[in-house]
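*Asks:* The structure's right below; bear with me while I get my questions together.
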Amino acid sequence: MRGRFPAVARRRPQVAVAGALAVLLAVAVAAVLSPWLVPGATDQDLVLGITGPVPGHPLGTDDLGRDVLELLVAGARTAVPGALCVAAGSMLIGNLIGLPAGYFGGWADALAMRWADLMFSLPALLVAIVVAGVLGGGYGLAVAVLVVLFAPTDTRVVRGAVLEQRHRPYVEAALLKNLSAWRIMTRQIWPNIASVTLANGFLNFAYALVSLASLSFLGLGVPAGSPDWGRTLADNRAQLLVNPWAVVAPGLAIILTAAALNIVGDWLHERVDRRGRAR
Amino acid sequence: MKESTGTGATAEPAIRVEGIKVRQPSTGRTLLSEVSFEVAAGESVAIVGESGSGKSLTVRAMLGLLPQGLEATGQVRIAGERVDDDPRARRRQRGGVVSLLMQDPFTLLNPLRRAGRQIADGLPKGADAAVEVPRLLAEVGLPANVAGRYPFQLSGGMRQRIGLAAALAGGPRVLVADEPTTALDATTQREVLSLIRRVQRERDMAFVLITHDLRLAFSTCDRVMVMYAGRVMETGSAAAVRHEQFHPYTRALLAAEPPADRRLAVIPSVPGAVPAHDAAAGRCGFADRCSLAVPECRTGVPEPRPVRVSGNVREGRLSACLRAAELPAPPAPEPGVVSRPPVAAEPVLEVRDLRRWFAGSPHPALAGVSLTVAPGEVVGVVGESGSGKTTLARCVAGLERPDGGAILLGGADCSDYGRMGRAAVRQARRISQMIFQDPYSTLNPARTVGATLREALWADGRPAGPDDLARLLESVGLARDMAGMRPAGLSGGERQRVAIARAVAGEPRLLICDEPVSALDVSVQAQVLGLLAELRERLSMAMLFITHDLAVVRQIADRLYVLESGTCVETGLADRVLDAPEHPYTRTLLASVPDGSGDWLD
C-alpha cells in the first residue's frame, strides 16, 4: 500500500511566509524611517538628468535627476499609511454595519444589503476619480472616498460570517442566558469571525495600495512630484526606454507589497482559525 | 474462518487482511496496528468500536482509501488478488469486485443528477441501463419510476437504497458499508439493514459492516470483530459473542448500551475515554479503564489468541485479553425504580394545543400538542425525525415562536417572548434552560470553558468567583483546571458536560434536553445519562427530554409522550407505554430498537 497515498503536508511553504514577512518589515521600516534614511530623496540633479543604473544610483535617476531608489524608500511613507487607513476604516464600518445586519436580520439586514448593492453597482475607481476631480483631489480625500467604497465588501463579509454563526447552539445558549444582543454580538460572535474580517482587511490593504497608486498615477492622489510609488510610476512612464527601472521598480514595490500582504493575511487567517477548530 | 462447503479444499476467502498498520509519517504517530481478519465469500462481518477505535481506518486501509497523509503497511488480498502493493489492481476492483456504501444518505448522491443515472454509472461496460437500472431498483425495493427523480425528491431511506443499488450495479463480490444507517430513523434503519442482509445473502457477497452499535452488529452479521484504540480486542460469531464475552471491553461496551425493555438503577459506564493508539503502546489499550487488569496487562501488548476455557478451545473465538479464560461472570445490572407518577402540584411547564407550521412545508410541525411537566418530573418526548419533537423543545425554550396555543412556565404565559417584558423574560430564562444535541457547536469555540461558565453564572445572578466556577465544574464531574481550556481540546463527552454546567449554573426548575446523548459514544452516553440523573436528584429539577432513542428514554423518563407528525399519539407512565404500547406507531418504534437477536431483521 506504500506509495499509494504519499504523505503530503498540505501547508503554505514556510519560505513564502518568511519572504512575505521580510518584505512587509522592509516596507514598514521604509515608511517609518524614510525621513532619516533618505533625507534628500526629492533633491534634484538637473545636470545629471535621467540615466540608467550608474555608480551611486543603483536604480538610476528620473528626468529631474532624483535617485529612484531613494524615491522608492520615501514613497513607502506616502503609499502605506493611506492604504492602512482605508483597510482599517472600511473594516470598522463593515463590522459596525455587518454585525447587527447579520444578527438581527429583517429590515436592518435588508437596508444594509441594499446599500451595499448600491455601492457595488458603482465602479469604485471611477467614483474616486470623479469625486477627486470635482473636489480638487488630494490624498486625504482619495483615502476617504476609498474607505466609503470599500466598506460594503467588509459589510457583506462580516454579515455572511455572522449569519453562519447566528444559529449555532452556542449563540442560542447565550440567548437563553438572557444576554443582551450587544453582548452576544461582541463577546460571543465577534471572536469567531475576527479572523475572517482580519483576512479581509489584509486583502483590502493590498487592494487599497494599488487603488491609491492608480489614483496617484492618474494625478488625483498625491501632488505631482511627490515621492509615491504610483506617482513615480506615472511620472516616469515616458522615460521607459531611457531608465526602465524608474517605472519597473515602483511597479514591483506595489506588486510585492500587495502579494506579501495577501500571503501574510492568509497565513494569519489559517493560524487564528486553527486555534478554535477541533483537531 | 468459514470453510466453503462442497469443494472439500479450503477456498480462498473473499477478504484476507494481515497485519495492517496505519501510520502518519509527518507526525510519526501510529493509528492502528496488527489488525488481521478474514471474510469468507457469503459471510458478513461487523467491525464494532467507538470513535477512535480505528474501525473506519481499518476498512479504509483495506480499500486503499486512506485520507491523505496516512500510510498503511500489511497484506491485503481481495478475491484472491493481492492488492496492497498494486494500485492498478485496486482500481480494477473498485466498483466491480469491491463496492462501498457510504454513511450519509444526504450527501452520497449528486444532487444535480437523477437517481437512475447515478445507478447506471456503476454498471459494467456494455450493460443495458434501461434493463439493469429497473432490475436493481426492484432488488432494493423501489419502483422503477424512482430512476427519474432527483435526490431532493427522495427520503433518507430511499436515498440509502439508491446508494445500495449503485453499489450493487457492478456485481460486487465484496460489499463494505460504513455506518450505513446511523443518519436514518430507527424504523428506516431496520428496513435498510434488513434489505442489505437479504441482498447480501441472495448474492452470496462478502459483507463488512462498520458500526458503533454492538446489538445492531449481532443482529446483522454472522461474525463480529470488536476494536479498541487501534487494535482488535475480540472476535467471534455474533451469537457466541452475544452469549458470552471474553474481553472486558466487549462486556463494558455491551453493558453501556441501555436496554429498551427495562430500567436500570445505574447504566454501567466505564470512566475515562478511548486512548490514542500510541498512548497505549506496549500494553493492553483497555488496561487503564479495566477493573480486572493485572500488572501483566501493562507490560506487553496482548495478541488476539484463541480462547481456551478449561482446556477446550472455543471454536472461532479470539480474545486479546490475558485473562480471557478466567474472567468472572459479570454482575447482573441492578433493576432501577419504576417510573414515578407526577406529584400533584402546579406544573412547572404546561403546553396547551401548541401549533407551528413552517412556511413552505406541506405538513404542520406541531398540530396541537399538549403536555405538562410536574416539578421534579422527567418527561420524555419521543418520535422520529419530522415528528415535531425538536420544534416543541425550541418553542418551549423560546427559540421558536409558535403559531398558536399556549406555553406556561411556572404559571406565567411564555408563548411569545417578543411580547414579554424584560423582567418576565428574565424570569422565564431562570426557570428553564436547554442543552443541545451537537457537542461540537454547543460551546463557543473562541472562548475558554471558564469564560463560558463565568458568564453563565453571572447571567443567572450567581456569584462567579474562582471557587464558584470550580464548584460548578466539579458538579458535572470535571476538574477545576479545565477552566482554562478551549472546546477544541475537549472530548465530546466533556463538551456536553460543560454545556450541562452552563445550563444548570442558575439551578433552573426545568431543563430542556434536545437529544443530549445521541451524538455521543455509548460509554460516554452512559456517563452523561448518569450525570443528568444525579443532577436531577440533587437540584430536584424537572426535565423535558427529547429523544428518538427508546432505550435511552426508558432509563431516565417518568412519563412519555409519543409524537408522530406533530401530534401526540400516546402518553402515559414510561413503563406502561414501553411495556404495553397501545398505539401501533409506538409498537413500530419499539420493534425498531435493535435487541441483538439474529431474527430482529426478519
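Just remember, in the C-alpha cells the first chain shown is A, the second B, etc., residues are 1-based per chain, and ligands are 1-based in the order shown.
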List every residue of segment 187-231 of chain B that DSSP, applied to the backbone of this structure, places in strand (DSSP E or B), and write the result as an mmCIF file with all heavy atoms, in the first residue's frame.
*Replies:*
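Output contents, as saved in out24.cif:
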data_model
loop_
_atom_site.group_PDB
_atom_site.id
_atom_site.type_symbol
_atom_site.label_atom_id
_atom_site.label_comp_id
_atom_site.auth_asym_id
_atom_site.auth_seq_id
_atom_site.Cartn_x
_atom_site.Cartn_y
_atom_site.Cartn_z
ATOM 1 N N ALA B 206 -19.454 -11.232 0.196
ATOM 2 C CA ALA B 206 -18.816 -10.984 1.494
ATOM 3 C C ALA B 206 -19.209 -9.575 1.912
ATOM 4 O O ALA B 206 -19.231 -8.657 1.090
ATOM 5 C CB ALA B 206 -17.311 -11.092 1.362
ATOM 6 N N PHE B 207 -19.553 -9.395 3.182
ATOM 7 C CA PHE B 207 -20.071 -8.106 3.620
ATOM 8 C C PHE B 207 -19.342 -7.663 4.880
ATOM 9 O O PHE B 207 -19.191 -8.435 5.830
ATOM 10 C CB PHE B 207 -21.573 -8.241 3.887
ATOM 11 C CG PHE B 207 -22.217 -7.017 4.448
ATOM 12 C CD1 PHE B 207 -22.131 -5.792 3.787
ATOM 13 C CD2 PHE B 207 -22.929 -7.070 5.639
ATOM 14 C CE1 PHE B 207 -22.741 -4.663 4.314
ATOM 15 C CE2 PHE B 207 -23.544 -5.948 6.167
ATOM 16 C CZ PHE B 207 -23.446 -4.739 5.492
ATOM 17 N N VAL B 208 -18.842 -6.428 4.857
ATOM 18 C CA VAL B 208 -18.197 -5.866 6.046
ATOM 19 C C VAL B 208 -18.998 -4.655 6.482
ATOM 20 O O VAL B 208 -19.207 -3.725 5.699
ATOM 21 C CB VAL B 208 -16.732 -5.450 5.758
ATOM 22 C CG1 VAL B 208 -16.119 -4.813 7.002
ATOM 23 C CG2 VAL B 208 -15.921 -6.653 5.321
ATOM 24 N N LEU B 209 -19.470 -4.680 7.722
ATOM 25 C CA LEU B 209 -20.264 -3.576 8.256
ATOM 26 C C LEU B 209 -19.454 -2.880 9.343
ATOM 27 O O LEU B 209 -18.955 -3.530 10.262
ATOM 28 C CB LEU B 209 -21.565 -4.116 8.857
ATOM 29 C CG LEU B 209 -22.437 -3.125 9.620
ATOM 30 C CD1 LEU B 209 -23.153 -2.194 8.656
ATOM 31 C CD2 LEU B 209 -23.448 -3.848 10.494
ATOM 32 N N ILE B 210 -19.330 -1.567 9.214
ATOM 33 C CA ILE B 210 -18.696 -0.798 10.285
ATOM 34 C C ILE B 210 -19.805 -0.202 11.127
ATOM 35 O O ILE B 210 -20.714 0.438 10.590
ATOM 36 C CB ILE B 210 -17.842 0.343 9.707
ATOM 37 C CG1 ILE B 210 -16.832 -0.208 8.723
ATOM 38 C CG2 ILE B 210 -17.128 1.093 10.815
ATOM 39 C CD1 ILE B 210 -16.042 0.867 8.035
ATOM 40 N N THR B 211 -19.757 -0.406 12.423
ATOM 41 C CA THR B 211 -20.813 0.154 13.263
ATOM 42 C C THR B 211 -20.294 0.401 14.671
ATOM 43 O O THR B 211 -19.293 -0.175 15.094
ATOM 44 C CB THR B 211 -22.045 -0.767 13.309
ATOM 45 O OG1 THR B 211 -23.039 -0.174 14.136
ATOM 46 C CG2 THR B 211 -21.699 -2.136 13.877
ATOM 47 N N ARG B 223 -20.469 -12.672 11.991
ATOM 48 C CA ARG B 223 -19.385 -12.573 12.959
ATOM 49 C C ARG B 223 -19.168 -11.119 13.340
ATOM 50 O O ARG B 223 -19.501 -10.208 12.585
ATOM 51 C CB ARG B 223 -18.093 -13.132 12.359
ATOM 52 C CG ARG B 223 -18.006 -14.654 12.462
ATOM 53 C CD ARG B 223 -16.606 -15.136 12.248
ATOM 54 N NE ARG B 223 -16.046 -14.669 10.993
ATOM 55 C CZ ARG B 223 -14.862 -14.079 10.891
ATOM 56 N NH1 ARG B 223 -14.121 -13.874 11.952
ATOM 57 N NH2 ARG B 223 -14.431 -13.686 9.710
ATOM 58 N N VAL B 224 -18.569 -10.901 14.504
ATOM 59 C CA VAL B 224 -18.228 -9.535 14.909
ATOM 60 C C VAL B 224 -16.755 -9.482 15.303
ATOM 61 O O VAL B 224 -16.174 -10.470 15.754
ATOM 62 C CB VAL B 224 -19.085 -9.030 16.097
ATOM 63 C CG1 VAL B 224 -20.535 -8.936 15.730
ATOM 64 C CG2 VAL B 224 -18.902 -9.912 17.303
ATOM 65 N N MET B 225 -16.179 -8.295 15.090
ATOM 66 C CA MET B 225 -14.799 -8.045 15.492
ATOM 67 C C MET B 225 -14.825 -6.731 16.266
ATOM 68 O O MET B 225 -15.205 -5.700 15.718
ATOM 69 C CB MET B 225 -13.919 -7.936 14.249
ATOM 70 C CG MET B 225 -12.496 -7.521 14.532
ATOM 71 S SD MET B 225 -11.454 -7.806 13.090
ATOM 72 C CE MET B 225 -11.209 -6.147 12.525
ATOM 73 N N VAL B 226 -14.461 -6.785 17.530
ATOM 74 C CA VAL B 226 -14.524 -5.584 18.371
ATOM 75 C C VAL B 226 -13.150 -4.929 18.396
ATOM 76 O O VAL B 226 -12.150 -5.591 18.662
ATOM 77 C CB VAL B 226 -14.965 -5.942 19.804
ATOM 78 C CG1 VAL B 226 -15.022 -4.698 20.671
ATOM 79 C CG2 VAL B 226 -16.315 -6.626 19.775
ATOM 80 N N MET B 227 -13.102 -3.649 18.093
ATOM 81 C CA MET B 227 -11.825 -2.925 18.085
ATOM 82 C C MET B 227 -11.805 -1.865 19.169
ATOM 83 O O MET B 227 -12.833 -1.326 19.569
ATOM 84 C CB MET B 227 -11.599 -2.275 16.718
ATOM 85 C CG MET B 227 -11.327 -3.272 15.621
ATOM 86 S SD MET B 227 -10.762 -2.467 14.121
ATOM 87 C CE MET B 227 -9.179 -1.819 14.639
ATOM 88 N N TYR B 228 -10.591 -1.544 19.619
ATOM 89 C CA TYR B 228 -10.422 -0.528 20.644
ATOM 90 C C TYR B 228 -9.023 0.043 20.514
ATOM 91 O O TYR B 228 -8.045 -0.710 20.436
ATOM 92 C CB TYR B 228 -10.623 -1.152 22.026
ATOM 93 C CG TYR B 228 -10.555 -0.178 23.177
ATOM 94 C CD1 TYR B 228 -11.675 0.583 23.506
ATOM 95 C CD2 TYR B 228 -9.404 -0.022 23.924
ATOM 96 C CE1 TYR B 228 -11.628 1.484 24.554
ATOM 97 C CE2 TYR B 228 -9.351 0.871 24.978
ATOM 98 C CZ TYR B 228 -10.464 1.614 25.286
ATOM 99 O OH TYR B 228 -10.425 2.515 26.324
ATOM 100 N N ARG B 231 -6.656 -1.520 17.904
ATOM 101 C CA ARG B 231 -6.319 -2.944 17.936
ATOM 102 C C ARG B 231 -7.589 -3.783 18.007
ATOM 103 O O ARG B 231 -8.630 -3.311 18.445
ATOM 104 C CB ARG B 231 -5.462 -3.267 19.166
ATOM 105 C CG ARG B 231 -4.054 -2.767 19.055
ATOM 106 C CD ARG B 231 -3.270 -3.153 20.269
ATOM 107 N NE ARG B 231 -1.982 -2.484 20.262
ATOM 108 C CZ ARG B 231 -0.928 -2.913 19.591
ATOM 109 N NH1 ARG B 231 -1.009 -4.024 18.897
ATOM 110 N NH2 ARG B 231 0.201 -2.243 19.605
#
*Asks:* List as JSON lines every residue of chain B that is in contact with chain A, defined as an atom at most 9 Å from one of its atoms (using only C-alpha atoms), together with the nearest atom pair and the distance in Å rounded to one decimal, sorted by chain and then rising number.
*Replies:*
{"residue": "B:Gln24", "atom": "CA", "partner": "A:Ala7", "partner_atom": "CA", "distance": 7.6}
{"residue": "B:Pro25", "atom": "CA", "partner": "A:Ala7", "partner_atom": "CA", "distance": 6.7}
{"residue": "B:Ser26", "atom": "CA", "partner": "A:Ala7", "partner_atom": "CA", "distance": 7.1}
{"residue": "B:Ala61", "atom": "CA", "partner": "A:Met1", "partner_atom": "CA", "distance": 8.2}
{"residue": "B:Gly64", "atom": "CA", "partner": "A:Met1", "partner_atom": "CA", "distance": 7.0}
{"residue": "B:Leu65", "atom": "CA", "partner": "A:Phe5", "partner_atom": "CA", "distance": 8.4}
{"residue": "B:Leu66", "atom": "CA", "partner": "A:Phe5", "partner_atom": "CA", "distance": 7.3}
{"residue": "B:Pro67", "atom": "CA", "partner": "A:Phe5", "partner_atom": "CA", "distance": 7.8}
{"residue": "B:Gln68", "atom": "CA", "partner": "A:Phe5", "partner_atom": "CA", "distance": 6.1}
{"residue": "B:Gly69", "atom": "CA", "partner": "A:Ala7", "partner_atom": "CA", "distance": 3.9}
{"residue": "B:Leu70", "atom": "CA", "partner": "A:Ala7", "partner_atom": "CA", "distance": 6.1}
{"residue": "B:Glu71", "atom": "CA", "partner": "A:Arg2", "partner_atom": "CA", "distance": 6.4}
{"residue": "B:Ala72", "atom": "CA", "partner": "A:Met1", "partner_atom": "CA", "distance": 5.9}
{"residue": "B:Thr73", "atom": "CA", "partner": "A:Met1", "partner_atom": "CA", "distance": 6.0}
{"residue": "B:Gly74", "atom": "CA", "partner": "A:Met1", "partner_atom": "CA", "distance": 7.6}
{"residue": "B:Gln75", "atom": "CA", "partner": "A:Met1", "partner_atom": "CA", "distance": 8.3}
{"residue": "B:Val76", "atom": "CA", "partner": "A:Met1", "partner_atom": "CA", "distance": 8.7}
{"residue": "B:Val83", "atom": "CA", "partner": "A:Met1", "partner_atom": "CA", "distance": 7.8}
{"residue": "B:Asp84", "atom": "CA", "partner": "A:Met1", "partner_atom": "CA", "distance": 4.3}
{"residue": "B:Asp85", "atom": "CA", "partner": "A:Met1", "partner_atom": "CA", "distance": 4.7}
{"residue": "B:Asp86", "atom": "CA", "partner": "A:Met1", "partner_atom": "CA", "distance": 7.3}
{"residue": "B:Pro87", "atom": "CA", "partner": "A:Arg4", "partner_atom": "CA", "distance": 6.6}
{"residue": "B:Ala397", "atom": "CA", "partner": "A:Leu176", "partner_atom": "CA", "distance": 7.4}
{"residue": "B:Gly398", "atom": "CA", "partner": "A:Leu176", "partner_atom": "CA", "distance": 8.0}
{"residue": "B:Leu399", "atom": "CA", "partner": "A:Glu172", "partner_atom": "CA", "distance": 7.3}
{"residue": "B:Val425", "atom": "CA", "partner": "A:Asn178", "partner_atom": "CA", "distance": 7.6}
{"residue": "B:Arg426", "atom": "CA", "partner": "A:Asn178", "partner_atom": "CA", "distance": 6.3}
{"residue": "B:Arg429", "atom": "CA", "partner": "A:Leu176", "partner_atom": "CA", "distance": 6.0}
{"residue": "B:Arg430", "atom": "CA", "partner": "A:Lys177", "partner_atom": "CA", "distance": 7.9}
{"residue": "B:Ser432", "atom": "CA", "partner": "A:Leu176", "partner_atom": "CA", "distance": 8.4}
{"residue": "B:Gln433", "atom": "CA", "partner": "A:Leu176", "partner_atom": "CA", "distance": 6.6}
{"residue": "B:Met434", "atom": "CA", "partner": "A:Ala173", "partner_atom": "CA", "distance": 7.2}
{"residue": "B:Ile435", "atom": "CA", "partner": "A:Ala173", "partner_atom": "CA", "distance": 7.9}
{"residue": "B:Phe436", "atom": "CA", "partner": "A:Pro169", "partner_atom": "CA", "distance": 6.7}
{"residue": "B:Gln437", "atom": "CA", "partner": "A:Pro169", "partner_atom": "CA", "distance": 8.8}
{"residue": "B:Asp438", "atom": "CA", "partner": "A:Pro169", "partner_atom": "CA", "distance": 8.1}
{"residue": "B:Tyr440", "atom": "CA", "partner": "A:Ala278", "partner_atom": "CA", "distance": 8.2}
{"residue": "B:Ser441", "atom": "CA", "partner": "A:Pro169", "partner_atom": "CA", "distance": 6.0}
{"residue": "B:Thr442", "atom": "CA", "partner": "A:Tyr170", "partner_atom": "CA", "distance": 4.6}
{"residue": "B:Leu443", "atom": "CA", "partner": "A:Tyr170", "partner_atom": "CA", "distance": 5.0}
{"residue": "B:Asn444", "atom": "CA", "partner": "A:Tyr170", "partner_atom": "CA", "distance": 5.5}
{"residue": "B:Pro445", "atom": "CA", "partner": "A:Gly276", "partner_atom": "CA", "distance": 5.1}
{"residue": "B:Ala446", "atom": "CA", "partner": "A:Gly276", "partner_atom": "CA", "distance": 5.6}
{"residue": "B:Arg447", "atom": "CA", "partner": "A:Gln188", "partner_atom": "CA", "distance": 8.0}
{"residue": "B:Glu455", "atom": "CA", "partner": "A:Lys177", "partner_atom": "CA", "distance": 8.8}
{"residue": "B:Ala456", "atom": "CA", "partner": "A:Lys177", "partner_atom": "CA", "distance": 6.6}
{"residue": "B:Ala459", "atom": "CA", "partner": "A:Lys177", "partner_atom": "CA", "distance": 6.0}
{"residue": "B:Asp460", "atom": "CA", "partner": "A:Lys177", "partner_atom": "CA", "distance": 7.0}
{"residue": "B:Arg486", "atom": "CA", "partner": "A:Gly276", "partner_atom": "CA", "distance": 7.4}
{"residue": "B:Pro487", "atom": "CA", "partner": "A:Gly276", "partner_atom": "CA", "distance": 7.6}
{"residue": "B:Ala488", "atom": "CA", "partner": "A:Ala278", "partner_atom": "CA", "distance": 4.3}
{"residue": "B:Gly489", "atom": "CA", "partner": "A:Ala278", "partner_atom": "CA", "distance": 6.9}
{"residue": "B:Leu490", "atom": "CA", "partner": "A:Ala278", "partner_atom": "CA", "distance": 8.4}
{"residue": "B:Ala499", "atom": "CA", "partner": "A:Ala173", "partner_atom": "CA", "distance": 8.8}
{"residue": "B:Arg502", "atom": "CA", "partner": "A:Ala173", "partner_atom": "CA", "distance": 8.5}
{"residue": "B:Ala503", "atom": "CA", "partner": "A:Ala173", "partner_atom": "CA", "distance": 8.0}
*Asks:* Which one of A:Gly133, A:Gly160, A:Gly230, A:Gly56 sits closest to Val80 of chain A if you count only C-alpha atoms?
*Replies:* A:Gly230
*Asks:* Per DSSP on the backbone, filter segment 143-237 of chain A down to the residues in helix (DSSP H, G or I) and report them as a PyMOL selection string.
*Replies:* chain A and resi 143-166+169-176+181-217+229-235+237
*Asks:* Please provide the set of residues having any atom within 7 Å of Thr51 of chain A, restricted to only C-alpha atoms, with same-chain residues fewer than 2 positions apart removed, written as an mmCIF file with C-alpha atoms, in the first residue's frame.
*Replies:*
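Below is the file selection.cif, written as the result:
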data_model
loop_
_atom_site.group_PDB
_atom_site.id
_atom_site.type_symbol
_atom_site.label_atom_id
_atom_site.label_comp_id
_atom_site.auth_asym_id
_atom_site.auth_seq_id
_atom_site.Cartn_x
_atom_site.Cartn_y
_atom_site.Cartn_z
ATOM 1 C CA GLY A 49 19.200 64.301 -15.689
ATOM 2 C CA PRO A 53 21.830 52.464 -13.167
ATOM 3 C CA GLY A 60 19.334 55.213 -11.938
ATOM 4 C CA THR A 61 17.535 58.552 -11.772
ATOM 5 C CA ASP A 62 14.386 60.131 -13.160
ATOM 6 C CA VAL A 242 15.811 55.618 -21.047
ATOM 7 C CA ASN A 243 15.636 54.279 -17.495
#
*Asks:* Which of these residues is nearest to Gly157 of chain B, using only C-alpha atoms: B:Ala591, B:Gln189, B:Val131, B:Gly141?
*Replies:*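 Of B:Ala591, B:Gln189, B:Val131, B:Gly141, the one nearest Gly157 of chain B, counting only C-alpha atoms, is B:Gln189.
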*Asks:* What lies within 7 Å of Trp229 of chain A using only C-alpha atoms, ignoring chain neighbours under 2 positions off, as a PyMOL selection string?
*Replies:* chain A and resi 72+75+79+213+227+231-233+250
*Asks:* Please, could you write that set of residues out with N, CA, C and O atoms as a PDB file, in the first residue's frame?
*Replies:*
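Saved file again.pdb follows:
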ATOM      1  N   LEU A  72      11.895  55.527  -3.987  1.00  0.00           N
ATOM      2  CA  LEU A  72      11.143  54.322  -3.645  1.00  0.00           C
ATOM      3  C   LEU A  72      10.983  54.212  -2.131  1.00  0.00           C
ATOM      4  O   LEU A  72       9.890  53.951  -1.617  1.00  0.00           O
ATOM      5  N   GLY A  75       8.800  56.860  -0.921  1.00  0.00           N
ATOM      6  CA  GLY A  75       7.431  56.658  -1.391  1.00  0.00           C
ATOM      7  C   GLY A  75       6.613  55.771  -0.478  1.00  0.00           C
ATOM      8  O   GLY A  75       5.393  55.901  -0.387  1.00  0.00           O
ATOM      9  N   ALA A  79       2.596  55.849   0.495  1.00  0.00           N
ATOM     10  CA  ALA A  79       1.721  54.780  -0.002  1.00  0.00           C
ATOM     11  C   ALA A  79       1.096  53.975   1.135  1.00  0.00           C
ATOM     12  O   ALA A  79      -0.099  53.695   1.119  1.00  0.00           O
ATOM     13  N   ALA A 213      -2.306  53.940  -5.588  1.00  0.00           N
ATOM     14  CA  ALA A 213      -1.260  54.111  -6.590  1.00  0.00           C
ATOM     15  C   ALA A 213      -1.873  54.485  -7.930  1.00  0.00           C
ATOM     16  O   ALA A 213      -1.380  55.363  -8.635  1.00  0.00           O
ATOM     17  N   PRO A 227       7.154  61.980  -3.676  1.00  0.00           N
ATOM     18  CA  PRO A 227       7.605  60.599  -3.729  1.00  0.00           C
ATOM     19  C   PRO A 227       6.462  59.668  -3.354  1.00  0.00           C
ATOM     20  O   PRO A 227       5.987  59.693  -2.227  1.00  0.00           O
ATOM     21  N   ARG A 231       2.789  57.576  -8.136  1.00  0.00           N
ATOM     22  CA  ARG A 231       3.187  58.835  -8.745  1.00  0.00           C
ATOM     23  C   ARG A 231       4.479  58.671  -9.540  1.00  0.00           C
ATOM     24  O   ARG A 231       4.589  59.119 -10.686  1.00  0.00           O
ATOM     25  N   THR A 232       5.482  58.028  -8.900  1.00  0.00           N
ATOM     26  CA  THR A 232       6.769  57.825  -9.569  1.00  0.00           C
ATOM     27  C   THR A 232       6.589  57.030 -10.863  1.00  0.00           C
ATOM     28  O   THR A 232       7.153  57.361 -11.911  1.00  0.00           O
ATOM     29  N   LEU A 233       5.750  56.006 -10.752  1.00  0.00           N
ATOM     30  CA  LEU A 233       5.460  55.177 -11.912  1.00  0.00           C
ATOM     31  C   LEU A 233       4.855  56.027 -13.033  1.00  0.00           C
ATOM     32  O   LEU A 233       5.260  55.951 -14.193  1.00  0.00           O
ATOM     33  N   PRO A 250       9.054  50.980  -8.947  1.00  0.00           N
ATOM     34  CA  PRO A 250       7.831  51.256  -8.152  1.00  0.00           C
ATOM     35  C   PRO A 250       6.710  50.267  -8.429  1.00  0.00           C
ATOM     36  O   PRO A 250       5.968  49.892  -7.516  1.00  0.00           O
TER      37      PRO A 250
END
